Structure formats: C-alpha cells, structure tokens
Amino acid sequence: MKLVSVVVPCYNEEEVLPLFYAEIIKVTDEMKKNHSELEFEFLFIDDGSKDKTLLEFHKLAEKDSRVRYISFSRNFGKESGIYAGLENSKGDYVVVMDADLQHPPSFLPKMYEYVKNGEYDCATTRRVSRKGESKIRSWFARKFYKIMNKISDTEIVDGAQDFRFMTRQMVDAVLSMSEYNRFSKGIFSWVGFKVKYIEYENVERAAGTTAWSFWGLFKYSLEGIMAFSTAPLVISSLLGLVSCIIAFIMIVAIIIKKLAFGDPVQGFPTIMCAIFFIGGLQLFCTGILGQYLSKTYLETKNRPKYIMRENEKIYRERLEKQKNKD
C-alpha cells in the first residue's frame, strides 16, 4: 500500500473548508477505485486563524479518522504551515495544496500518473493566465519572476504554484533545507529533481477572501530575492563605485574651471547636492546590508518555525478527560 498525505495550510478558511473536504473526498475515493494500492491521510494546518477554522477541523476529525491537524499558537505564515505539514506527513507521496479550491483537487489523478512510475519526482501546476487578478498585481508578479530569474541561479518558473504532488525523497530534500526565512517556490526549484508542469487557467476562490494583500506579496517577493540572490549586495557595491567616480569627475571639473577659466566655485548649492546625493546612496546601501544582516540574525537565533498549540490527539485526549469527569 502507498500512503498519500494531503497537506493543506489554512488561515481563516472556515467558509471554504466544507466545500474543499467534499471535493477532496470525492476525488480521492475515485482514485482509490482506480488505484487499489493507495491510501490517503488529510493533514490540515491552522496558521493561527481568527475565525472558526479550528472548529471545522474538530468536526472533520470526529467523522473521518484519516483527518489530522496541527493548530499553531499564533499566525506564523504560510511558509511555516507548509513546513509543518511536510514535517508531520507520513505518506510515501505528499501533496501540498490550498483549501480555497484555486488548486483543483481534480488534478490529483493526473499528477499521480506522472509521479507513480518514477519518471518524475514532482508534478505541479503552472498558471498560464491570471484571470481574476488586478492588472497591477499581475504586472508586478510577472516582473518579479523576470527579475528573479535574471539575478538568481535558481530558476523559478513564472506561474508555478505551491500545488505539488511529491515523492517522499523530494519532501525529505525540502525538509533538509531548514532555514528560518523560507521561500518555498525557490526551495522547490533549488532541490532539483524531475518536475512535470501542468498548465491550467487560473481558478477563483470558492468562498471567503484571500489573506494576501499587495503589501504582503511585496514583502514575500523581497524574501525570495534575499533568500536566493546576492545581487542587491552587488548593486550596492556598484552604486558606491559609481558615486566615487562621479565625485572624482566633479572635483576635476571644479579644479579645471577654477584654474583655467577663473570661475568662482559655488558653495552652498554644490555642498547640499553632494550631501543629499551621497547620503541617499549610503542609506540605500546600508538598508540592503541591513536586510541581509537581519536575515542572518534571525537564522542564528535558531527559533522554531512554528509552535503547536493543539492537534487531533490532544483534542481527543481532552474530550476523553471531559467525558470521564462528567
């Protein structure tokens, strides 16, 4: 028998969870009919949700013994949710997908076909359109992938998603990269292995609203750049070199004007322009260095990527104790 672990990071997904569960059960039951060797477990990760997502997990765990869950003590972010799911999964194969049905469960049979024979280590989806997104957000997303692939040695495919069907070998490789500041899209690419990309049109959420704001996505993109490229450090060095060259040329020009033409050297405007120009460059370059230093600082603290508050075992033990008291 082959166990497939379906990992589902969730944040405020109370509305969509019943829809997702109904759909994933329908697809996996069909897969079991066609592939008798398969068994499934469903591992939900509650990333400190503020709604009744955890209560939905309780309901699912009570009626389906295959349902497992981990509830964080607070919101640690989707990257921590993915890591926790991979770390606690038991399957020979592991699926990572969202609960909002933008990652259609109907793709799972096709993904399994690509992976089961060993031809590929991972099957994933790639959006060929950004239907439903604003034009500004889509434009920035495309630019991010172009910039990232130019400044990084790790290729990140435009439109590739976290919806993945992976072998245990690839999952273990991802887990071996235990850094605190995580960028899964880059990590999945960096570990290598043979990946099959399945193209599809973008699907809108089945219910609820996305937790990703434009500012959140911008910070996430910076996380990816810092994690997989040192190009910003090179840029800061080049800016420092260019500013020195400009300053030298200005000094030579002022000396020539004074000695050859007798032009008076302007004082206050020249000084203020130089101060603002050099000061701005210094602050910009210091900010880049500070970003890399802050990432190093967080790594050296060696803090846990998440803290578990509750899982299905703790919940069942609490229910049992309550019954005994009653």
# chains A, B, ... in the order shown; residues from 1 in each chain; ligands from 1
$ residues_around --residues "Asn88 in chain A" --least-positions-apart "6" --cutoff "10 Å" --atoms "only C-alpha atoms" --output "list in words"
Ser5, Val7, Leu43, Arg68, Tyr69 and Ile70 of chain A
$ closest_atom_pairs --of "range 2-52 of chain A" --to "range 303-316 of chain A" --cutoff "10 Å" --atoms "only C-alpha atoms" --output "JSON lines"
{"residue": "A:Phe44", "atom": "CA", "partner": "A:Asn311", "partner_atom": "CA", "distance": 9.6}
{"residue": "A:Ile45", "atom": "CA", "partner": "A:Asn311", "partner_atom": "CA", "distance": 9.2}
{"residue": "A:Asp46", "atom": "CA", "partner": "A:Glu310", "partner_atom": "CA", "distance": 9.5}
{"residue": "A:Asp47", "atom": "CA", "partner": "A:Tyr306", "partner_atom": "CA", "distance": 9.0}
{"residue": "A:Gly48", "atom": "CA", "partner": "A:Arg309", "partner_atom": "CA", "distance": 9.4}
$ residues_around --residues "Glu79 in chain A" --least-positions-apart "4" --cutoff "9 Å" --atoms "only C-alpha atoms" --output "list of chain:residue names"
A:Pro9, A:Tyr83, A:Ala84, A:Asn181, A:Arg182, A:Phe183, A:Ser184, A:Lys305
$ closest_atom_pairs --of "range 34-75 of chain A" --to "range 15-27 of chain A" --cutoff "12 Å" --atoms "only C-alpha atoms" --output "Markdown table"
| residue | atom | partner | partner_atom | distance |
| --- | --- | --- | --- | --- |
| A:Asn34 | CA | A:Val27 | CA | 10.9 |
| A:Glu39 | CA | A:Ile25 | CA | 11.9 |
| A:Phe40 | CA | A:Ile25 | CA | 9.6 |
| A:Glu41 | CA | A:Ile25 | CA | 10.5 |
| A:Phe42 | CA | A:Ile24 | CA | 9.3 |
| A:Leu43 | CA | A:Tyr21 | CA | 11.5 |
| A:Phe44 | CA | A:Leu17 | CA | 10.1 |
| A:Ile45 | CA | A:Leu17 | CA | 11.9 |
| A:Asp46 | CA | A:Leu17 | CA | 11.6 |
| A:Asp51 | CA | A:Glu15 | CA | 9.4 |
| A:Lys52 | CA | A:Glu15 | CA | 8.8 |
| A:Thr53 | CA | A:Leu17 | CA | 7.8 |
| A:Leu54 | CA | A:Leu17 | CA | 10.4 |
| A:Leu55 | CA | A:Leu17 | CA | 10.7 |
| A:Glu56 | CA | A:Leu17 | CA | 7.2 |
| A:Phe57 | CA | A:Leu17 | CA | 8.6 |
| A:His58 | CA | A:Leu17 | CA | 11.8 |
| A:Lys59 | CA | A:Pro18 | CA | 9.9 |
| A:Leu60 | CA | A:Tyr21 | CA | 8.4 |
| A:Ala61 | CA | A:Tyr21 | CA | 11.4 |
| A:Lys63 | CA | A:Tyr21 | CA | 11.7 |
| A:Asp64 | CA | A:Ile25 | CA | 10.4 |
| A:Arg66 | CA | A:Ile25 | CA | 10.8 |
| A:Val67 | CA | A:Tyr21 | CA | 10.1 |
$ closest_residue --among "A:Arg318, A:Asp172, A:Cys10, A:Thr296" --to "Asp100 in chain A" --atoms "only C-alpha atoms"
A:Cys10
$ residues_around --residues "range 111-125 of chain A" --least-positions-apart "5" --cutoff "9 Å" --atoms "only C-alpha atoms" --output "PyMOL selection string"
chain A and resi 93+103+159-170+193-200
$ atom_distance --atom1 "CA of Arg126 in chain A" --atom2 "CA of Ser49 in chain A"
27.7 Å
